[in-house]
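Chemist: Sharing a structure, written as structure tokens. Questions coming.
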Amino acid sequence: MPTDYFQQFAIQFPGLSDGDHRFEYEIGDDFFQALEYAVVERGKVNVEVLLNKKPNLITLRFQFKGQVQVTCDRCAGNYDFPVEGEQRLIIQIGDGEADDDELIILPRGEFEFNVAQHLYEYIALSLPLRVVPCEETGDTTLCDQSVINKLEELIRTEPDQPVDPRWEKLRGLNTSDN
Ligand SMILES: [Zn+2]
């Protein structure tokens, strides 16, 4: 990752006194686009990190709220989807191996920890596996009806063709509707 952009997400331990600290980040499109592996490419998310430092033990509480752009699984349109969540991460300085998702063990001598990757994962994991905004909200006008009509047409005219899993889903929707 381009280190200069992500440097703002590196928390430097030696400069912090024991006790509570607070960090705020405003994540935008540039954040998602700077992460090469990111499936999410656009969004605007506010993040608050509450940090408690004790000798050799740092506890981070992440709270985030905002929206990211996702692709609808039904009509393939782009939608801003609300995201919100809270996560905890404990950083221990010392030896040994972490046996918990929430725990990270950093060797002595490490002086910073970059939270960018964790932030991305927290946001990405807060999204549902299947995103269909009109089903979430009950507002059927959200989906791009012209795309859905085209898919229905394809299913009608070429029933024996190998079917995209998305169309298969759509077919399932139609039968349950009738
Ligand atoms: Zn849709």
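For the structure tokens, the naming scheme is as follows: chains receive sequential letters (A, B, ...) according to their order of presentation, residues are indexed from 1 within each chain, and ligands are indexed from 1 in presentation order.
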At a cut-off of 9 Å and counting only C-alpha atoms and all ligand atoms, what residues surround ligand 1? Please answer as a list in words.

Modeler: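 What falls inside 9 Å of ligand 1 is Thr71, Cys72, Asp73, Arg74, Cys75, Ala76, Gly77, Asn78, Tyr79, Val131, Val132, Pro133, Cys134, Glu135, Thr140, Thr141, Leu142, Cys143, Asp144, Gln145, Val147 and Ile148 of chain A.
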
Chemist: Identify, on the basis of only C-alpha atoms, every residue whose closest approach to region 109-121 of chain A does not exceed 7 Å; exclude the query and any residue fewer than 4 positions from it along the same chain; express the result as a list in words.

Modeler: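 Answer for this query is Phe6, Phe9, Ala10, Ile11, Gln12, Phe13, Pro14 and Leu125 of chain A.
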
Chemist: When you draw a straight line from CA of Leu89 (chain A) to CA of Tyr25 (chain A), how long is it in Å?

Modeler: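 Answer for the CA of Leu89 (chain A) to CA of Tyr25 (chain A) separation: 16.7 Å.
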
Chemist: DSSP on the backbone: what in region 5-173 of chain A comes out alpha helix (DSSP H), as a ChimeraX atom specification?

Modeler: /A:5-6,29-34,116-125,133-137,145-157,165-173

Chemist: One decimal, Å: what's the distance from CA of Asp99 (chain A) over to CA of Leu57 (chain A), could you say?

Modeler: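 CA of Leu57 (chain A) lies 15.9 Å from CA of Asp99 (chain A).
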
Chemist: Using DSSP secondary structure from the backbone, list all strand (DSSP E or B) positions within chain A, as a PDB file with N, CA and C atoms, in the first residue's frame.

Modeler:
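Writing the result to selection-v8.pdb gives the following:
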ATOM      1  N   ALA A  10      -1.443   5.208  11.136  1.00  0.00           N
ATOM      2  CA  ALA A  10      -0.461   4.537  11.989  1.00  0.00           C
ATOM      3  C   ALA A  10      -0.481   5.180  13.374  1.00  0.00           C
ATOM      4  N   ILE A  11      -0.763   4.364  14.366  1.00  0.00           N
ATOM      5  CA  ILE A  11      -0.775   4.882  15.730  1.00  0.00           C
ATOM      6  C   ILE A  11       0.590   4.586  16.352  1.00  0.00           C
ATOM      7  N   GLN A  12       1.222   5.656  16.782  1.00  0.00           N
ATOM      8  CA  GLN A  12       2.582   5.532  17.341  1.00  0.00           C
ATOM      9  C   GLN A  12       2.487   5.421  18.861  1.00  0.00           C
ATOM     10  N   GLY A  19      -3.071   5.802  29.599  1.00  0.00           N
ATOM     11  CA  GLY A  19      -4.397   6.386  29.783  1.00  0.00           C
ATOM     12  C   GLY A  19      -5.180   6.403  28.488  1.00  0.00           C
ATOM     13  N   ASP A  20      -6.192   7.265  28.432  1.00  0.00           N
ATOM     14  CA  ASP A  20      -7.125   7.284  27.300  1.00  0.00           C
ATOM     15  C   ASP A  20      -6.751   8.318  26.243  1.00  0.00           C
ATOM     16  N   HIS A  21      -6.949   7.919  25.011  1.00  0.00           N
ATOM     17  CA  HIS A  21      -6.710   8.815  23.877  1.00  0.00           C
ATOM     18  C   HIS A  21      -7.827   8.600  22.864  1.00  0.00           C
ATOM     19  N   ARG A  22      -8.014   9.594  22.012  1.00  0.00           N
ATOM     20  CA  ARG A  22      -9.093   9.501  21.045  1.00  0.00           C
ATOM     21  C   ARG A  22      -8.593   9.940  19.680  1.00  0.00           C
ATOM     22  N   PHE A  23      -8.929   9.162  18.662  1.00  0.00           N
ATOM     23  CA  PHE A  23      -8.544   9.506  17.290  1.00  0.00           C
ATOM     24  C   PHE A  23      -9.791   9.528  16.427  1.00  0.00           C
ATOM     25  N   GLU A  24      -9.790  10.409  15.460  1.00  0.00           N
ATOM     26  CA  GLU A  24     -10.926  10.458  14.536  1.00  0.00           C
ATOM     27  C   GLU A  24     -10.425  10.388  13.106  1.00  0.00           C
ATOM     28  N   TYR A  25     -11.146   9.626  12.298  1.00  0.00           N
ATOM     29  CA  TYR A  25     -10.799   9.533  10.880  1.00  0.00           C
ATOM     30  C   TYR A  25     -12.047   9.746  10.046  1.00  0.00           C
ATOM     31  N   GLU A  26     -11.866  10.440   8.946  1.00  0.00           N
ATOM     32  CA  GLU A  26     -12.935  10.530   7.958  1.00  0.00           C
ATOM     33  C   GLU A  26     -12.473   9.776   6.732  1.00  0.00           C
ATOM     34  N   ILE A  27     -13.088   8.627   6.531  1.00  0.00           N
ATOM     35  CA  ILE A  27     -12.697   7.778   5.411  1.00  0.00           C
ATOM     36  C   ILE A  27     -13.521   8.139   4.186  1.00  0.00           C
ATOM     37  N   GLY A  43     -17.081   5.395  -0.626  1.00  0.00           N
ATOM     38  CA  GLY A  43     -17.821   5.477   0.618  1.00  0.00           C
ATOM     39  C   GLY A  43     -17.414   6.691   1.411  1.00  0.00           C
ATOM     40  N   LYS A  44     -18.170   6.894   2.469  1.00  0.00           N
ATOM     41  CA  LYS A  44     -17.841   7.983   3.375  1.00  0.00           C
ATOM     42  C   LYS A  44     -18.191   7.479   4.766  1.00  0.00           C
ATOM     43  N   VAL A  45     -17.168   7.267   5.563  1.00  0.00           N
ATOM     44  CA  VAL A  45     -17.396   6.660   6.877  1.00  0.00           C
ATOM     45  C   VAL A  45     -16.614   7.436   7.927  1.00  0.00           C
ATOM     46  N   ASN A  46     -17.298   7.807   8.979  1.00  0.00           N
ATOM     47  CA  ASN A  46     -16.625   8.453  10.101  1.00  0.00           C
ATOM     48  C   ASN A  46     -16.234   7.396  11.122  1.00  0.00           C
ATOM     49  N   VAL A  47     -14.989   7.487  11.571  1.00  0.00           N
ATOM     50  CA  VAL A  47     -14.475   6.501  12.505  1.00  0.00           C
ATOM     51  C   VAL A  47     -13.935   7.195  13.741  1.00  0.00           C
ATOM     52  N   GLU A  48     -14.304   6.650  14.884  1.00  0.00           N
ATOM     53  CA  GLU A  48     -13.739   7.140  16.131  1.00  0.00           C
ATOM     54  C   GLU A  48     -12.991   5.982  16.777  1.00  0.00           C
ATOM     55  N   VAL A  49     -11.766   6.240  17.184  1.00  0.00           N
ATOM     56  CA  VAL A  49     -10.981   5.210  17.848  1.00  0.00           C
ATOM     57  C   VAL A  49     -10.673   5.685  19.263  1.00  0.00           C
ATOM     58  N   LEU A  50     -11.134   4.906  20.228  1.00  0.00           N
ATOM     59  CA  LEU A  50     -10.804   5.202  21.619  1.00  0.00           C
ATOM     60  C   LEU A  50      -9.697   4.252  22.033  1.00  0.00           C
ATOM     61  N   LEU A  51      -8.611   4.832  22.464  1.00  0.00           N
ATOM     62  CA  LEU A  51      -7.430   4.029  22.776  1.00  0.00           C
ATOM     63  C   LEU A  51      -7.123   4.134  24.260  1.00  0.00           C
ATOM     64  N   ASN A  52      -6.902   2.988  24.868  1.00  0.00           N
ATOM     65  CA  ASN A  52      -6.439   2.996  26.253  1.00  0.00           C
ATOM     66  C   ASN A  52      -5.072   2.336  26.294  1.00  0.00           C
ATOM     67  N   LYS A  53      -4.116   3.061  26.842  1.00  0.00           N
ATOM     68  CA  LYS A  53      -2.753   2.523  26.893  1.00  0.00           C
ATOM     69  C   LYS A  53      -2.351   2.204  28.315  1.00  0.00           C
ATOM     70  N   LYS A  54      -1.879   0.981  28.490  1.00  0.00           N
ATOM     71  CA  LYS A  54      -1.249   0.566  29.732  1.00  0.00           C
ATOM     72  C   LYS A  54       0.123   0.051  29.333  1.00  0.00           C
ATOM     73  N   LEU A  57       0.175  -2.980  26.950  1.00  0.00           N
ATOM     74  CA  LEU A  57      -1.172  -3.395  26.567  1.00  0.00           C
ATOM     75  C   LEU A  57      -1.971  -2.187  26.074  1.00  0.00           C
ATOM     76  N   ILE A  58      -2.428  -2.298  24.839  1.00  0.00           N
ATOM     77  CA  ILE A  58      -3.184  -1.197  24.246  1.00  0.00           C
ATOM     78  C   ILE A  58      -4.540  -1.716  23.795  1.00  0.00           C
ATOM     79  N   THR A  59      -5.588  -1.078  24.269  1.00  0.00           N
ATOM     80  CA  THR A  59      -6.936  -1.485  23.865  1.00  0.00           C
ATOM     81  C   THR A  59      -7.523  -0.425  22.947  1.00  0.00           C
ATOM     82  N   LEU A  60      -8.000  -0.874  21.794  1.00  0.00           N
ATOM     83  CA  LEU A  60      -8.590   0.049  20.822  1.00  0.00           C
ATOM     84  C   LEU A  60     -10.068  -0.284  20.659  1.00  0.00           C
ATOM     85  N   ARG A  61     -10.909   0.728  20.734  1.00  0.00           N
ATOM     86  CA  ARG A  61     -12.338   0.548  20.437  1.00  0.00           C
ATOM     87  C   ARG A  61     -12.673   1.372  19.218  1.00  0.00           C
ATOM     88  N   PHE A  62     -13.134   0.688  18.195  1.00  0.00           N
ATOM     89  CA  PHE A  62     -13.475   1.357  16.942  1.00  0.00           C
ATOM     90  C   PHE A  62     -14.987   1.530  16.866  1.00  0.00           C
ATOM     91  N   GLN A  63     -15.415   2.715  16.531  1.00  0.00           N
ATOM     92  CA  GLN A  63     -16.829   2.940  16.243  1.00  0.00           C
ATOM     93  C   GLN A  63     -16.901   3.608  14.892  1.00  0.00           C
ATOM     94  N   PHE A  64     -17.717   3.058  14.018  1.00  0.00           N
ATOM     95  CA  PHE A  64     -17.807   3.674  12.694  1.00  0.00           C
ATOM     96  C   PHE A  64     -19.252   3.794  12.248  1.00  0.00           C
ATOM     97  N   LYS A  65     -19.486   4.799  11.421  1.00  0.00           N
ATOM     98  CA  LYS A  65     -20.819   5.042  10.903  1.00  0.00           C
ATOM     99  C   LYS A  65     -20.693   5.817   9.602  1.00  0.00           C
ATOM    100  N   GLY A  66     -21.464   5.404   8.600  1.00  0.00           N
ATOM    101  CA  GLY A  66     -21.398   6.105   7.332  1.00  0.00           C
ATOM    102  C   GLY A  66     -22.117   5.335   6.259  1.00  0.00           C
ATOM    103  N   GLN A  67     -21.632   5.456   5.050  1.00  0.00           N
ATOM    104  CA  GLN A  67     -22.234   4.701   3.953  1.00  0.00           C
ATOM    105  C   GLN A  67     -21.166   4.319   2.942  1.00  0.00           C
ATOM    106  N   VAL A  68     -21.353   3.161   2.316  1.00  0.00           N
ATOM    107  CA  VAL A  68     -20.444   2.744   1.253  1.00  0.00           C
ATOM    108  C   VAL A  68     -21.275   2.394   0.029  1.00  0.00           C
ATOM    109  N   GLN A  69     -20.625   2.514  -1.126  1.00  0.00           N
ATOM    110  CA  GLN A  69     -21.332   2.184  -2.351  1.00  0.00           C
ATOM    111  C   GLN A  69     -21.223   0.686  -2.621  1.00  0.00           C
ATOM    112  N   VAL A  70     -22.355   0.065  -2.829  1.00  0.00           N
ATOM    113  CA  VAL A  70     -22.365  -1.373  -3.104  1.00  0.00           C
ATOM    114  C   VAL A  70     -23.143  -1.608  -4.398  1.00  0.00           C
ATOM    115  N   THR A  71     -22.952  -2.795  -4.950  1.00  0.00           N
ATOM    116  CA  THR A  71     -23.673  -3.180  -6.152  1.00  0.00           C
ATOM    117  C   THR A  71     -24.840  -4.068  -5.764  1.00  0.00           C
ATOM    118  N   ASN A  78     -25.747   0.641  -8.617  1.00  0.00           N
ATOM    119  CA  ASN A  78     -24.959   1.088  -7.463  1.00  0.00           C
ATOM    120  C   ASN A  78     -25.842   1.787  -6.439  1.00  0.00           C
ATOM    121  N   TYR A  79     -25.618   1.468  -5.189  1.00  0.00           N
ATOM    122  CA  TYR A  79     -26.388   2.089  -4.119  1.00  0.00           C
ATOM    123  C   TYR A  79     -25.472   2.474  -2.975  1.00  0.00           C
ATOM    124  N   ASP A  80     -25.830   3.540  -2.285  1.00  0.00           N
ATOM    125  CA  ASP A  80     -25.140   3.873  -1.041  1.00  0.00           C
ATOM    126  C   ASP A  80     -25.815   3.098   0.070  1.00  0.00           C
ATOM    127  N   PHE A  81     -25.021   2.308   0.744  1.00  0.00           N
ATOM    128  CA  PHE A  81     -25.575   1.416   1.763  1.00  0.00           C
ATOM    129  C   PHE A  81     -25.073   1.871   3.133  1.00  0.00           C
ATOM    130  N   PRO A  82     -25.973   2.024   4.096  1.00  0.00           N
ATOM    131  CA  PRO A  82     -25.515   2.494   5.415  1.00  0.00           C
ATOM    132  C   PRO A  82     -24.700   1.421   6.145  1.00  0.00           C
ATOM    133  N   VAL A  83     -23.622   1.839   6.765  1.00  0.00           N
ATOM    134  CA  VAL A  83     -22.819   0.913   7.581  1.00  0.00           C
ATOM    135  C   VAL A  83     -22.629   1.527   8.966  1.00  0.00           C
ATOM    136  N   GLU A  84     -22.560   0.650   9.934  1.00  0.00           N
ATOM    137  CA  GLU A  84     -22.395   1.099  11.302  1.00  0.00           C
ATOM    138  C   GLU A  84     -21.847  -0.078  12.103  1.00  0.00           C
ATOM    139  N   GLY A  85     -20.951   0.195  13.039  1.00  0.00           N
ATOM    140  CA  GLY A  85     -20.462  -0.923  13.824  1.00  0.00           C
ATOM    141  C   GLY A  85     -19.504  -0.507  14.910  1.00  0.00           C
ATOM    142  N   GLU A  86     -19.165  -1.497  15.707  1.00  0.00           N
ATOM    143  CA  GLU A  86     -18.268  -1.280  16.831  1.00  0.00           C
ATOM    144  C   GLU A  86     -17.378  -2.520  16.948  1.00  0.00           C
ATOM    145  N   GLN A  87     -16.075  -2.315  17.099  1.00  0.00           N
ATOM    146  CA  GLN A  87     -15.151  -3.444  17.193  1.00  0.00           C
ATOM    147  C   GLN A  87     -14.083  -3.135  18.217  1.00  0.00           C
ATOM    148  N   ARG A  88     -13.519  -4.188  18.773  1.00  0.00           N
ATOM    149  CA  ARG A  88     -12.459  -4.001  19.752  1.00  0.00           C
ATOM    150  C   ARG A  88     -11.212  -4.751  19.289  1.00  0.00           C
ATOM    151  N   LEU A  89     -10.065  -4.145  19.562  1.00  0.00           N
ATOM    152  CA  LEU A  89      -8.794  -4.776  19.213  1.00  0.00           C
ATOM    153  C   LEU A  89      -7.817  -4.547  20.367  1.00  0.00           C
ATOM    154  N   ILE A  90      -7.167  -5.616  20.764  1.00  0.00           N
ATOM    155  CA  ILE A  90      -6.215  -5.503  21.864  1.00  0.00           C
ATOM    156  C   ILE A  90      -4.818  -5.780  21.326  1.00  0.00           C
ATOM    157  N   ILE A  91      -3.919  -4.868  21.602  1.00  0.00           N
ATOM    158  CA  ILE A  91      -2.541  -5.031  21.154  1.00  0.00           C
ATOM    159  C   ILE A  91      -1.670  -5.257  22.372  1.00  0.00           C
ATOM    160  N   GLN A  92      -0.998  -6.396  22.357  1.00  0.00           N
ATOM    161  CA  GLN A  92      -0.137  -6.728  23.475  1.00  0.00           C
ATOM    162  C   GLN A  92       1.291  -6.682  22.969  1.00  0.00           C
ATOM    163  N   ILE A  93       2.159  -6.071  23.736  1.00  0.00           N
ATOM    164  CA  ILE A  93       3.565  -6.024  23.356  1.00  0.00           C
ATOM    165  C   ILE A  93       4.279  -7.129  24.116  1.00  0.00           C
ATOM    166  N   LEU A 103      -7.066 -10.074  19.266  1.00  0.00           N
ATOM    167  CA  LEU A 103      -5.765  -9.859  19.909  1.00  0.00           C
ATOM    168  C   LEU A 103      -4.630  -9.874  18.895  1.00  0.00           C
ATOM    169  N   ILE A 104      -3.744  -8.905  19.055  1.00  0.00           N
ATOM    170  CA  ILE A 104      -2.547  -8.853  18.230  1.00  0.00           C
ATOM    171  C   ILE A 104      -1.353  -8.760  19.157  1.00  0.00           C
ATOM    172  N   ILE A 105      -0.336  -9.568  18.899  1.00  0.00           N
ATOM    173  CA  ILE A 105       0.861  -9.484  19.732  1.00  0.00           C
ATOM    174  C   ILE A 105       1.993  -8.904  18.894  1.00  0.00           C
ATOM    175  N   LEU A 106       2.500  -7.790  19.337  1.00  0.00           N
ATOM    176  CA  LEU A 106       3.594  -7.134  18.627  1.00  0.00           C
ATOM    177  C   LEU A 106       4.881  -7.359  19.392  1.00  0.00           C
ATOM    178  N   GLU A 112       4.809   1.241  16.220  1.00  0.00           N
ATOM    179  CA  GLU A 112       3.561   1.742  15.670  1.00  0.00           C
ATOM    180  C   GLU A 112       2.699   0.601  15.153  1.00  0.00           C
ATOM    181  N   PHE A 113       1.397   0.891  15.049  1.00  0.00           N
ATOM    182  CA  PHE A 113       0.475  -0.082  14.487  1.00  0.00           C
ATOM    183  C   PHE A 113      -0.476   0.654  13.554  1.00  0.00           C
ATOM    184  N   ASN A 114      -0.586   0.148  12.331  1.00  0.00           N
ATOM    185  CA  ASN A 114      -1.437   0.815  11.353  1.00  0.00           C
ATOM    186  C   ASN A 114      -2.824   0.170  11.344  1.00  0.00           C
TER     187      ASN A 114
END
